[in-house]
$ cat input32.txt   # compact mmCIF, C-alpha atoms (C1' of nucleotides)
# COMPACT_ATOMS: atom_id res chain seq x y z
CA MET A 98 37.76 -42.31 -19.03
CA ARG A 99 35.07 -44.64 -17.75
CA GLU A 100 33.15 -44.44 -21.00
CA GLY A 101 35.71 -43.74 -23.68
CA GLY A 102 38.97 -45.09 -22.34
CA LEU A 103 42.27 -43.25 -22.15
CA ALA A 104 41.86 -41.91 -25.67
CA ALA A 105 38.85 -39.92 -24.50
CA VAL A 106 40.92 -38.07 -21.92
CA VAL A 107 41.69 -35.10 -24.15
CA VAL A 108 43.10 -31.89 -22.78
CA GLU A 109 41.08 -29.42 -24.85
CA THR A 110 37.82 -31.31 -24.42
CA LEU A 111 38.40 -31.57 -20.71
CA ALA A 112 39.21 -27.88 -20.39
CA GLU A 113 36.12 -26.89 -22.30
CA ARG A 114 33.91 -29.08 -20.13
CA LEU A 115 35.33 -27.29 -17.11
CA GLY A 116 34.67 -23.94 -18.73
CA THR A 117 38.34 -23.11 -19.15
CA THR A 118 41.13 -23.55 -21.70
CA LYS A 119 44.34 -25.42 -22.36
CA GLY A 120 46.35 -22.56 -20.97
CA SER A 121 44.86 -23.17 -17.57
CA PHE A 122 45.32 -26.90 -17.77
CA TYR A 123 49.03 -26.67 -18.46
CA TRP A 124 49.47 -24.42 -15.50
CA HIS A 125 48.04 -27.02 -13.12
CA PHE A 126 49.57 -30.07 -14.81
CA LYS A 127 52.95 -30.43 -16.41
CA ASP A 128 51.67 -33.00 -18.84
CA ARG A 129 48.68 -34.97 -19.97
CA ASP A 130 50.65 -37.80 -18.40
CA GLU A 131 50.67 -36.08 -15.04
CA LEU A 132 46.89 -35.82 -15.15
CA VAL A 133 46.55 -39.51 -15.94
CA VAL A 134 48.95 -40.59 -13.22
CA THR A 135 47.36 -38.31 -10.64
CA GLY A 136 43.92 -39.64 -11.51
CA LEU A 137 45.09 -43.21 -11.22
CA GLU A 138 46.63 -42.54 -7.83
CA LEU A 139 43.37 -41.09 -6.57
CA TRP A 140 41.47 -44.06 -7.92
CA GLU A 141 43.83 -46.52 -6.27
CA GLN A 142 43.27 -44.91 -2.90
CA GLU A 143 39.50 -44.96 -3.17
CA MET A 144 39.41 -48.51 -4.47
CA THR A 145 41.46 -50.03 -1.69
CA GLU A 146 41.77 -48.22 1.59
CA ALA A 147 38.35 -46.61 1.51
CA VAL A 148 36.36 -49.80 0.87
CA ILE A 149 38.47 -52.09 2.98
CA ALA A 150 38.46 -49.76 5.96
CA ARG A 151 34.70 -49.67 5.79
CA LEU A 152 34.52 -53.46 5.93
CA GLU A 153 36.89 -53.82 8.84
CA THR A 154 34.21 -52.52 11.16
CA VAL A 155 32.15 -55.66 10.61
CA GLY A 156 32.91 -58.36 13.15
CA ASP A 157 31.43 -61.58 11.82
CA PRO A 158 33.49 -62.83 8.87
CA VAL A 159 30.53 -64.34 7.04
CA VAL A 160 28.53 -61.15 7.32
CA ARG A 161 31.58 -59.22 6.22
CA LEU A 162 31.99 -61.43 3.17
CA ARG A 163 28.37 -60.95 2.16
CA GLN A 164 28.72 -57.23 2.62
CA LEU A 165 31.86 -57.26 0.51
CA PHE A 166 30.01 -59.02 -2.30
CA ASP A 167 27.14 -56.58 -1.99
CA LEU A 168 29.44 -53.57 -2.15
CA MET A 169 31.35 -54.95 -5.12
CA PHE A 170 28.35 -55.47 -7.30
CA ALA A 171 26.45 -52.41 -6.16
CA ASP A 172 29.14 -49.89 -7.10
CA GLN A 173 28.44 -49.52 -10.79
CA PRO A 174 30.73 -46.57 -11.48
CA GLY A 175 33.56 -48.41 -9.78
CA GLY A 176 32.88 -51.53 -11.77
CA PHE A 177 32.80 -49.76 -15.10
CA MET A 178 35.93 -47.86 -14.21
CA THR A 179 37.70 -51.13 -13.55
CA THR A 180 36.65 -52.62 -16.88
CA ALA A 181 37.69 -49.40 -18.62
CA LEU A 182 41.13 -49.57 -17.04
CA LEU A 183 41.34 -53.24 -17.84
CA SER A 184 41.53 -52.45 -21.53
CA HIS A 185 44.68 -50.43 -20.87
CA ALA A 186 46.43 -53.12 -18.87
CA GLN A 187 49.33 -52.94 -21.32
CA ASP A 188 49.82 -49.23 -20.70
CA PRO A 189 52.86 -48.64 -18.48
CA ARG A 190 50.98 -46.07 -16.44
CA VAL A 191 47.84 -48.14 -15.95
CA GLY A 192 49.24 -51.67 -15.73
CA PRO A 193 51.11 -51.41 -12.42
CA VAL A 194 48.29 -49.58 -10.64
CA LEU A 195 45.72 -52.04 -11.90
CA GLN A 196 47.91 -54.93 -10.84
CA ARG A 197 48.34 -53.56 -7.33
CA VAL A 198 44.63 -52.92 -6.89
CA THR A 199 43.67 -56.34 -8.20
CA ARG A 200 46.21 -58.12 -6.01
CA ARG A 201 45.06 -56.21 -2.97
CA ARG A 202 41.48 -57.17 -3.68
CA LEU A 203 42.40 -60.78 -4.28
CA THR A 204 44.41 -61.20 -1.10
CA TYR A 205 41.72 -59.48 0.91
CA LEU A 206 39.06 -61.73 -0.58
CA THR A 207 41.15 -64.81 0.04
CA GLY A 208 41.67 -63.76 3.63
CA ALA A 209 37.97 -63.14 4.10
CA LEU A 210 37.19 -66.61 2.77
CA VAL A 211 39.77 -68.24 5.01
CA GLU A 212 38.25 -66.49 7.98
CA CYS A 213 34.97 -68.08 6.97
CA GLY A 214 36.53 -71.50 7.26
CA VAL A 215 37.49 -72.23 3.67
CA PRO A 216 40.85 -73.98 3.33
CA PRO A 217 43.54 -71.62 1.97
CA ASP A 218 44.14 -73.10 -1.48
CA ARG A 219 40.43 -73.47 -2.19
CA ALA A 220 39.96 -69.97 -0.82
CA HIS A 221 42.47 -68.56 -3.28
CA HIS A 222 40.86 -70.34 -6.19
CA HIS A 223 37.49 -69.16 -5.10
CA ALA A 224 38.69 -65.59 -4.67
CA VAL A 225 39.84 -65.71 -8.27
CA VAL A 226 36.43 -67.00 -9.32
CA ALA A 227 34.80 -64.12 -7.46
CA ALA A 228 37.17 -61.62 -9.06
CA THR A 229 36.39 -62.94 -12.51
CA ALA A 230 32.69 -62.86 -11.73
CA TYR A 231 33.11 -59.23 -10.78
CA LEU A 232 35.01 -58.26 -13.90
CA GLY A 233 32.67 -60.27 -16.09
CA TYR A 234 29.55 -58.84 -14.50
CA PHE A 235 30.41 -55.32 -15.52
CA GLY A 236 31.94 -56.41 -18.78
CA LEU A 237 28.80 -58.22 -19.83
CA GLN A 238 26.68 -55.31 -18.73
CA ARG A 239 28.61 -53.15 -21.14
CA GLN A 240 27.98 -55.58 -23.95
CA LEU A 241 24.30 -56.10 -23.21
CA PRO A 242 23.08 -53.09 -21.28
CA ASP A 243 19.45 -53.99 -21.87
CA GLU A 244 19.77 -57.59 -20.79
CA ALA A 245 17.07 -58.42 -18.25
CA VAL A 246 19.46 -59.45 -15.48
CA PHE A 247 20.79 -55.91 -15.35
CA GLY A 248 17.36 -54.34 -15.23
CA ALA A 249 14.13 -55.75 -13.86
CA GLU A 250 15.63 -59.17 -13.21
CA ALA A 251 18.59 -57.71 -11.33
CA LYS A 252 17.59 -58.67 -7.79
CA PRO A 253 16.90 -62.35 -8.39
CA TYR A 254 19.93 -62.63 -10.61
CA LEU A 255 22.26 -61.16 -8.02
CA ARG A 256 20.80 -63.59 -5.49
CA HIS A 257 21.59 -66.40 -7.87
CA LEU A 258 25.11 -65.10 -8.40
CA LEU A 259 25.80 -64.73 -4.70
CA HIS A 260 24.44 -68.21 -4.17
CA VAL A 261 26.95 -69.56 -6.67
CA LEU A 262 29.78 -67.52 -5.16
CA GLU A 263 28.95 -68.70 -1.67
CA ALA A 264 28.64 -72.35 -2.62
CA GLU A 265 32.16 -72.92 -1.32
CA LEU A 266 31.39 -71.77 2.21
CA PRO A 267 31.07 -74.54 4.79
CA ALA A 268 27.33 -75.03 5.05
CA ALA A 269 27.13 -74.60 8.82
CA ARG A 270 28.48 -71.06 8.69
CA VAL A 271 26.45 -69.63 5.83
CA ARG A 272 23.88 -67.02 6.85
CA PRO A 273 24.46 -67.34 10.60
CA SER A 274 21.61 -64.96 11.31
CA GLY A 275 19.26 -67.44 9.73
CA ALA A 276 18.11 -64.89 7.15
CA MET B 90 43.66 -55.36 -32.13
CA ARG B 91 43.82 -58.10 -29.56
CA GLU B 92 46.65 -56.42 -27.71
CA GLY B 93 46.27 -52.72 -28.33
CA GLY B 94 42.60 -52.20 -29.09
CA LEU B 95 41.16 -50.38 -32.06
CA ALA B 96 43.64 -47.54 -31.71
CA ALA B 97 46.44 -49.98 -32.50
CA VAL B 98 44.89 -50.84 -35.85
CA VAL B 99 46.89 -48.29 -37.82
CA VAL B 100 47.06 -48.39 -41.58
CA GLU B 101 50.72 -47.53 -42.00
CA THR B 102 51.87 -49.81 -39.21
CA LEU B 103 49.78 -52.63 -40.59
CA ALA B 104 51.08 -52.13 -44.11
CA GLU B 105 54.66 -52.11 -42.94
CA ARG B 106 54.17 -55.30 -40.97
CA LEU B 107 52.86 -56.93 -44.13
CA GLY B 108 55.85 -55.66 -46.06
CA THR B 109 53.81 -53.27 -48.17
CA THR B 110 52.59 -49.67 -48.07
CA LYS B 111 49.51 -47.51 -47.62
CA GLY B 112 49.01 -47.34 -51.35
CA SER B 113 48.37 -51.03 -51.46
CA PHE B 114 46.08 -50.94 -48.46
CA TYR B 115 43.82 -48.32 -49.96
CA TRP B 116 43.49 -50.37 -53.09
CA HIS B 117 42.12 -53.36 -51.18
CA PHE B 118 40.05 -51.36 -48.70
CA LYS B 119 38.09 -48.21 -49.26
CA ASP B 120 38.60 -47.10 -45.70
CA ARG B 121 40.14 -47.96 -42.42
CA ASP B 122 36.51 -48.42 -41.44
CA GLU B 123 36.05 -51.07 -44.10
CA LEU B 124 38.97 -53.01 -42.71
CA VAL B 125 37.52 -52.87 -39.21
CA VAL B 126 34.06 -53.92 -40.34
CA THR B 127 35.40 -56.74 -42.50
CA GLY B 128 37.52 -58.00 -39.65
CA LEU B 129 34.59 -57.94 -37.28
CA GLU B 130 32.43 -59.86 -39.75
CA LEU B 131 35.06 -62.55 -40.05
CA TRP B 132 35.39 -62.74 -36.30
CA GLU B 133 31.65 -63.05 -35.86
CA GLN B 134 31.53 -66.01 -38.22
CA GLU B 135 34.34 -67.85 -36.51
CA MET B 136 33.01 -67.17 -33.05
CA THR B 137 29.54 -68.52 -33.65
CA GLU B 138 28.93 -70.91 -36.49
CA ALA B 139 32.33 -72.56 -36.35
CA VAL B 140 32.31 -73.39 -32.65
CA ILE B 141 28.63 -74.20 -32.39
CA ALA B 142 28.68 -76.47 -35.43
CA ARG B 143 31.52 -78.39 -33.87
CA LEU B 144 29.52 -78.94 -30.70
CA GLU B 145 26.38 -80.08 -32.46
CA THR B 146 28.07 -83.36 -33.28
CA VAL B 147 28.07 -84.31 -29.61
CA GLY B 148 24.98 -86.24 -28.62
CA ASP B 149 24.84 -86.25 -24.84
CA PRO B 150 23.89 -82.77 -23.56
CA VAL B 151 25.99 -83.01 -20.42
CA VAL B 152 29.06 -84.06 -22.34
CA ARG B 153 28.37 -81.30 -24.81
CA LEU B 154 28.14 -78.73 -22.04
CA ARG B 155 31.45 -79.84 -20.55
CA GLN B 156 33.04 -79.70 -23.96
CA LEU B 157 31.64 -76.20 -24.47
CA PHE B 158 33.20 -75.05 -21.20
CA ASP B 159 36.48 -76.66 -22.14
CA LEU B 160 36.54 -75.00 -25.54
CA MET B 161 35.64 -71.60 -24.11
CA PHE B 162 38.45 -71.48 -21.62
CA ALA B 163 41.02 -73.19 -23.79
CA ASP B 164 40.85 -70.70 -26.65
CA GLN B 165 43.10 -67.98 -25.31
CA PRO B 166 43.33 -65.85 -28.47
CA GLY B 167 39.56 -65.91 -28.74
CA GLY B 168 39.15 -64.92 -25.13
CA PHE B 169 41.56 -62.02 -25.35
CA MET B 170 39.95 -60.88 -28.56
CA THR B 171 36.60 -60.77 -26.82
CA THR B 172 37.94 -58.70 -23.92
CA ALA B 173 39.66 -56.39 -26.38
CA LEU B 174 36.42 -55.85 -28.26
CA LEU B 175 34.58 -55.40 -25.00
CA SER B 176 36.40 -52.15 -24.38
CA HIS B 177 34.94 -50.80 -27.61
CA ALA B 178 31.36 -51.76 -26.84
CA GLN B 179 30.40 -48.10 -27.31
CA ASP B 180 31.80 -48.02 -30.81
CA PRO B 181 29.00 -48.14 -33.39
CA ARG B 182 30.93 -50.65 -35.50
CA VAL B 183 31.88 -52.95 -32.63
CA GLY B 184 28.83 -52.69 -30.39
CA PRO B 185 26.24 -54.41 -32.59
CA VAL B 186 28.55 -57.26 -33.58
CA LEU B 187 29.59 -57.84 -30.01
CA GLN B 188 25.99 -57.78 -28.91
CA ARG B 189 24.97 -60.36 -31.52
CA VAL B 190 27.82 -62.69 -30.66
CA THR B 191 27.20 -62.44 -26.94
CA ARG B 192 23.47 -63.02 -27.33
CA ARG B 193 24.09 -66.01 -29.56
CA ARG B 194 26.46 -67.47 -26.99
CA LEU B 195 24.06 -66.81 -24.16
CA THR B 196 21.04 -68.38 -25.81
CA TYR B 197 23.10 -71.37 -26.87
CA LEU B 198 24.42 -71.79 -23.34
CA THR B 199 20.96 -71.43 -21.88
CA GLY B 200 19.65 -74.04 -24.27
CA ALA B 201 22.47 -76.39 -23.42
CA LEU B 202 21.70 -76.05 -19.73
CA VAL B 203 17.99 -76.62 -20.26
CA GLU B 204 18.80 -79.78 -22.17
CA CYS B 205 20.75 -80.87 -19.11
CA GLY B 206 17.61 -80.57 -17.02
CA VAL B 207 18.02 -77.12 -15.49
CA PRO B 208 14.75 -75.14 -15.31
CA PRO B 209 14.68 -72.32 -17.91
CA ASP B 210 14.90 -69.26 -15.68
CA ARG B 211 17.68 -70.74 -13.57
CA ALA B 212 19.35 -71.84 -16.79
CA HIS B 213 19.36 -68.29 -18.09
CA HIS B 214 20.75 -66.89 -14.88
CA HIS B 215 23.39 -69.56 -14.87
CA ALA B 216 24.28 -68.94 -18.48
CA VAL B 217 24.90 -65.32 -17.55
CA VAL B 218 27.11 -66.43 -14.69
CA ALA B 219 29.09 -68.61 -17.07
CA ALA B 220 29.40 -65.75 -19.56
CA THR B 221 30.70 -63.41 -16.87
CA ALA B 222 33.10 -66.08 -15.68
CA TYR B 223 34.38 -66.32 -19.22
CA LEU B 224 34.84 -62.58 -19.68
CA GLY B 225 36.35 -62.22 -16.23
CA TYR B 226 38.73 -65.11 -16.69
CA PHE B 227 40.46 -63.47 -19.61
CA GLY B 228 40.11 -60.02 -18.15
CA LEU B 229 41.84 -61.01 -14.95
CA GLN B 230 44.51 -62.83 -16.90
CA ARG B 231 45.29 -59.56 -18.61
CA GLN B 232 45.60 -57.79 -15.30
CA LEU B 233 47.67 -60.46 -13.60
CA PRO B 234 49.40 -62.46 -16.32
CA ASP B 235 51.80 -64.04 -13.84
CA GLU B 236 49.15 -65.11 -11.37
CA ALA B 237 49.59 -68.77 -10.49
CA VAL B 238 46.14 -69.86 -11.62
CA PHE B 239 47.06 -68.90 -15.18
CA GLY B 240 50.36 -70.75 -15.10
CA ALA B 241 51.36 -73.78 -13.08
CA GLU B 242 48.14 -73.81 -11.09
CA ALA B 243 45.97 -73.64 -14.22
CA LYS B 244 44.72 -77.22 -14.28
CA PRO B 245 43.45 -77.43 -10.69
CA TYR B 246 42.02 -73.94 -10.92
CA LEU B 247 40.06 -74.70 -14.07
CA ARG B 248 38.74 -77.83 -12.37
CA HIS B 249 37.61 -75.67 -9.49
CA LEU B 250 35.99 -73.19 -11.86
CA LEU B 251 34.15 -75.87 -13.81
CA HIS B 252 33.00 -77.37 -10.53
CA VAL B 253 31.47 -74.03 -9.57
CA LEU B 254 29.92 -73.56 -13.00
CA GLU B 255 28.41 -77.03 -12.95
CA ALA B 256 27.01 -76.70 -9.44
CA GLU B 257 23.63 -75.93 -10.92
CA LEU B 258 23.32 -79.18 -12.83
CA PRO B 259 20.92 -81.73 -11.37
CA ALA B 260 23.20 -84.09 -9.49
CA ALA B 261 21.94 -87.25 -11.15
CA ARG B 262 23.02 -86.11 -14.60
CA VAL B 263 26.47 -84.73 -13.82
CA ARG B 264 29.31 -86.73 -15.34
CA PRO B 265 27.09 -89.48 -16.70
CA SER B 266 30.11 -91.52 -17.74
CA GLY B 267 31.15 -91.66 -14.11
CA ALA B 268 34.48 -90.01 -14.89
C1' DC C 202 53.35 -56.86 -79.20
C1' DA C 203 49.44 -53.40 -77.51
C1' DG C 204 46.37 -52.21 -74.42
C1' DA C 205 43.78 -53.04 -70.28
C1' DT C 206 43.60 -54.41 -65.63
C1' DT C 207 45.51 -55.37 -61.30
C1' DC C 208 48.33 -54.23 -57.77
C1' DC C 209 51.76 -51.35 -55.39
C1' DA C 210 54.95 -47.12 -54.03
C1' DT C 211 55.82 -42.22 -53.27
C1' DA C 212 54.46 -37.86 -52.27
C1' DC C 213 51.21 -34.79 -50.71
C1' DG C 214 47.25 -32.39 -48.08
C1' DC C 215 44.24 -32.41 -44.03
C1' DT C 216 42.89 -32.70 -39.22
C1' DA C 217 43.31 -33.64 -34.30
C1' DT C 218 45.88 -33.26 -30.47
C1' DC C 219 49.88 -32.35 -27.76
C1' DG C 220 52.69 -29.01 -25.82
C1' DT C 221 54.73 -24.03 -25.70
C1' DA C 222 55.03 -19.03 -25.94
C1' DT C 223 53.39 -15.01 -24.68
C1' DG C 224 50.56 -11.77 -22.77
C1' DG C 225 46.43 -10.58 -19.98
C1' DT C 226 43.67 -10.19 -15.54
C1' DC C 227 42.86 -10.47 -10.79
C1' DT C 228 44.05 -10.43 -5.87
C1' DA C 229 47.20 -9.68 -1.79
C1' DG C 230 50.31 -7.05 0.65
C1' DC C 231 52.82 -3.03 1.13
C1' DG D 21 48.27 2.88 -6.30
C1' DC D 22 52.06 -0.45 -7.26
C1' DT D 23 54.22 -4.74 -7.67
C1' DA D 24 54.38 -9.83 -7.41
C1' DG D 25 52.51 -13.89 -8.03
C1' DA D 26 48.65 -16.83 -9.19
C1' DC D 27 45.74 -18.11 -12.72
C1' DC D 28 43.88 -18.08 -17.42
C1' DA D 29 43.36 -17.14 -22.74
C1' DT D 30 45.05 -16.96 -27.48
C1' DA D 31 48.04 -18.10 -30.88
C1' DC D 32 51.49 -20.90 -32.58
C1' DG D 33 54.62 -25.02 -33.80
C1' DA D 34 55.14 -30.02 -34.03
C1' DT D 35 53.66 -34.71 -34.92
C1' DA D 36 50.75 -38.72 -36.02
C1' DG D 37 47.60 -40.68 -38.61
C1' DC D 38 43.92 -40.67 -42.38
C1' DG D 39 42.95 -40.42 -47.01
C1' DT D 40 44.18 -38.96 -52.07
C1' DA D 41 46.82 -38.24 -56.26
C1' DT D 42 49.61 -39.94 -59.39
C1' DG D 43 52.67 -42.81 -61.65
C1' DG D 44 55.02 -47.35 -62.08
C1' DA D 45 55.33 -52.36 -62.55
C1' DA D 46 53.46 -56.66 -63.47
C1' DT D 47 50.12 -59.71 -65.55
C1' DC D 48 46.49 -60.93 -68.52
C1' DT D 49 44.12 -60.87 -73.16
C1' DG D 50 43.60 -60.43 -77.84
$ encode --input "input32.txt" --output "structure tokens"
Amino acid sequence: MREGGLAAVVVETLAERLGTTKGSFYWHFKDRDELVVTGLELWEQEMTEAVIARLETVGDPVVRLRQLFDLMFADQPGGFMTTALLSHAQDPRVGPVLQRVTRRRLTYLTGALVECGVPPDRAHHHAVVAATAYLGYFGLQRQLPDEAVFGAEAKPYLRHLLHVLEAELPAARVRPSGA
Amino acid sequence: MREGGLAAVVVETLAERLGTTKGSFYWHFKDRDELVVTGLELWEQEMTEAVIARLETVGDPVVRLRQLFDLMFADQPGGFMTTALLSHAQDPRVGPVLQRVTRRRLTYLTGALVECGVPPDRAHHHAVVAATAYLGYFGLQRQLPDEAVFGAEAKPYLRHLLHVLEAELPAARVRPSGA
DNA sequence: CAGATTCCATACGCTATCGTATGGTCTAGC
DNA sequence: GCTAGACCATACGATAGCGTATGGAATCTG
């Protein structure tokens, strides 16, 4: 799915890769549809509750925001999965799930920014900018996998990106630890 | 293609929509492949030479950069086409074309930023940020078509986005006309 | 008008993939 | 050891989409 899209989720291929056959597959799943839906449900869980719960343990909102950015851009499989699903946004099975996940992320991001002292409307706009940066980061990486910023130049580039994304934060509160 | 991806480019469907039949199609094109390749070639032309030539008439580099940003985000069909192609980056027909177009855009953007006084390495990083913002903008719009920033809120949001994208420009040269 | 060329329609074969039908094997509990 | 249920394999039918074969119509050229 992550590499070939929905069309690459093929029952016989899948069965073979698992060392079994179609017969087995159709015992466990009613449909190819049921497999897709089940997979999407699993993904939705992992993408929302898991990550967000992990962030809730951080007290300082600015530190939490930085950590959120770090997690977002560090999870390559997650990023590529999102871009893969993005291309099926029209699909009635994928669309709603994708929409829920994206909204959840956006509202969480907006909230995190507000807690850092950004006024709500600017925070929402900036959350959207961050979301687009996220989608675009993995999208571009797919287009230009050997671009320097995704290889050797990755560290300085990500610093640059985070700098841009954090430009909205009230100066006094950025990097409270002085790092 | 723009809405359903490569899988939606179906000979019979296409022929019917044009009020003709497969027989006709296979007279004009050897293959379905030939149609895809021809289409991609056309797209590549329009996406590079056309737009860039239009920008070369602008003298002031800062004005040109702003105009470039405006054009990028105003061309919705172009944006959605790019995200649609993005999901086929693995395809041997799409990949190379996409890579060329993206590289061309990136180097042009980098050059435009350098001409505005941004140091080369920062310019490159920032061009990548702009490219990801572009990809993400249309990607997110596909996920959340009824999000406010793509409807009523579009104008102020785009202002916000351009503000973020222009943050790197040396202050003295931003908006030279004072607008 | 005759023939050639261009363009299009219908009918067919081929393959991939979905889903089903049917029977086989293995383990648990009696 | 026997039966039931869980799990899997093989073989089949159905459909969608690609590409081809073949003939027809329309236009151009001499």
$ atom_distance --input "input32.txt" --atom1 "CA of His125 in chain A" --atom2 "C1' of DT226 in chain C"
17.6 Å
$ atom_distance --input "input32.txt" --atom1 "CA of Asp180 in chain B" --atom2 "CA of Phe114 in chain B"
22.9 Å
$ closest_atom_pairs --input "input32.txt" --of "chain A" --to "chain B" --cutoff "9 Å" --atoms "only C-alpha atoms" --output "tab-separated table"
residue	atom	partner	partner_atom	distance
A:Glu100	CA	B:Gln179	CA	7.8
A:Gly101	CA	B:Gln179	CA	7.8
A:Gly102	CA	B:Ser176	CA	7.8
A:Ala104	CA	B:Ala96	CA	8.4
A:Thr180	CA	B:Ser176	CA	7.5
A:Ala181	CA	B:Ser176	CA	6.5
A:Leu183	CA	B:Gln232	CA	6.7
A:Ser184	CA	B:Ser176	CA	5.9
A:His185	CA	B:Gly93	CA	8.0
A:Ala186	CA	B:Gln232	CA	5.9
A:Gln187	CA	B:Gly93	CA	7.7
A:Gly192	CA	B:Gln232	CA	7.1
A:Pro193	CA	B:Gln232	CA	8.9
A:Leu195	CA	B:Gln232	CA	6.7
A:Gln196	CA	B:Gln232	CA	5.8
A:Thr199	CA	B:Gln232	CA	7.5
A:Arg200	CA	B:Leu233	CA	8.1
A:Arg219	CA	B:His249	CA	8.1
A:His222	CA	B:Tyr246	CA	6.1
A:His223	CA	B:His249	CA	7.9
A:Val225	CA	B:Val238	CA	8.3
A:Val226	CA	B:Leu250	CA	6.7
A:Ala227	CA	B:Ala222	CA	8.6
A:Ala228	CA	B:Gly225	CA	7.2
A:Thr229	CA	B:Gly225	CA	3.8
A:Ala230	CA	B:Ala222	CA	5.1
A:Tyr231	CA	B:Gly225	CA	7.0
A:Leu232	CA	B:Gly225	CA	4.8
A:Gly233	CA	B:Thr221	CA	3.8
A:Tyr234	CA	B:Thr221	CA	5.3
A:Phe235	CA	B:Thr221	CA	8.2
A:Gly236	CA	B:Leu175	CA	6.8
A:Leu237	CA	B:Thr221	CA	6.3
A:Arg239	CA	B:Ala178	CA	6.5
A:Gln240	CA	B:Gln188	CA	5.8
A:Leu241	CA	B:Gln188	CA	6.2
A:Val246	CA	B:His214	CA	7.6
A:Pro253	CA	B:His214	CA	8.8
A:Tyr254	CA	B:His214	CA	6.1
A:His257	CA	B:His214	CA	7.1
A:Leu258	CA	B:Val218	CA	6.7
A:Val261	CA	B:Val253	CA	7.0
A:Leu262	CA	B:Val253	CA	8.0
A:Ala264	CA	B:Val253	CA	7.7
A:Glu265	CA	B:Val253	CA	8.4
$ closest_residue --input "input32.txt" --among "A:Leu165, A:Gly120, A:Met98, A:Val106" --to "chain D" --atoms "all atoms listed in the file"
A:Gly120
$ interface_residues --input "input32.txt" --of "chain D" --to "chain B" --cutoff "9 Å" --atoms "all atoms listed in the file" --output "list in words"
DG37, DC38 and DG39 of chain D
$ closest_atom_pairs --input "input32.txt" --of "chain C" --to "chain A" --cutoff "12 Å" --atoms "only C-alpha atoms (C1' of nucleotides)" --output "tab-separated table"
residue	atom	partner	partner_atom	distance
C:DA217	C1'	A:Val107	CA	10.4
C:DT218	C1'	A:Val107	CA	7.8
C:DC219	C1'	A:Arg129	CA	8.3
C:DG220	C1'	A:Asp128	CA	8.1
C:DT221	C1'	A:Tyr123	CA	9.6
C:DA222	C1'	A:Gly120	CA	10.6
C:DT223	C1'	A:Gly120	CA	11.0
C:DG224	C1'	A:Gly120	CA	11.7
$ atom_distance --input "input32.txt" --atom1 "CA of Ala251 in chain A" --atom2 "CA of Arg182 in chain B"
28.0 Å
$ residues_around --input "input32.txt" --residues "DT228 in chain C" --least-positions-apart "2" --cutoff "10 Å" --atoms "all atoms listed in the file" --output "NGL selection string"
(:C and (226 or 230)) or (:D and (25-26))
$ residues_around --input "input32.txt" --residues "DC28 in chain D" --least-positions-apart "6" --cutoff "8 Å" --atoms "only C-alpha atoms (C1' of nucleotides)" --output "PyMOL selection string"
chain A and resi 117-118+120-121
$ decode --input "input32.txt" --residues "range 241-258 of chain B" --atoms "C-alpha atoms" --output "CSV table (one decimal), in the first residue's frame"
chain,number,residue,atom,x,y,z
B,241,ALA,CA,-13.9,31.8,2.4
B,242,GLU,CA,-10.7,32.1,4.4
B,243,ALA,CA,-8.5,31.6,1.3
B,244,LYS,CA,-7.3,35.2,0.9
B,245,PRO,CA,-6.0,35.8,4.5
B,246,TYR,CA,-4.6,32.3,4.6
B,247,LEU,CA,-2.6,32.7,1.4
B,248,ARG,CA,-1.3,36.0,2.8
B,249,HIS,CA,-0.2,34.2,5.9
B,250,LEU,CA,1.5,31.5,3.8
B,251,LEU,CA,3.3,34.0,1.6
B,252,HIS,CA,4.4,35.8,4.7
B,253,VAL,CA,6.0,32.6,6.0
B,254,LEU,CA,7.6,31.8,2.7
B,255,GLU,CA,9.0,35.2,2.4
B,256,ALA,CA,10.4,35.3,5.9
B,257,GLU,CA,13.8,34.4,4.5
B,258,LEU,CA,14.1,37.4,2.3
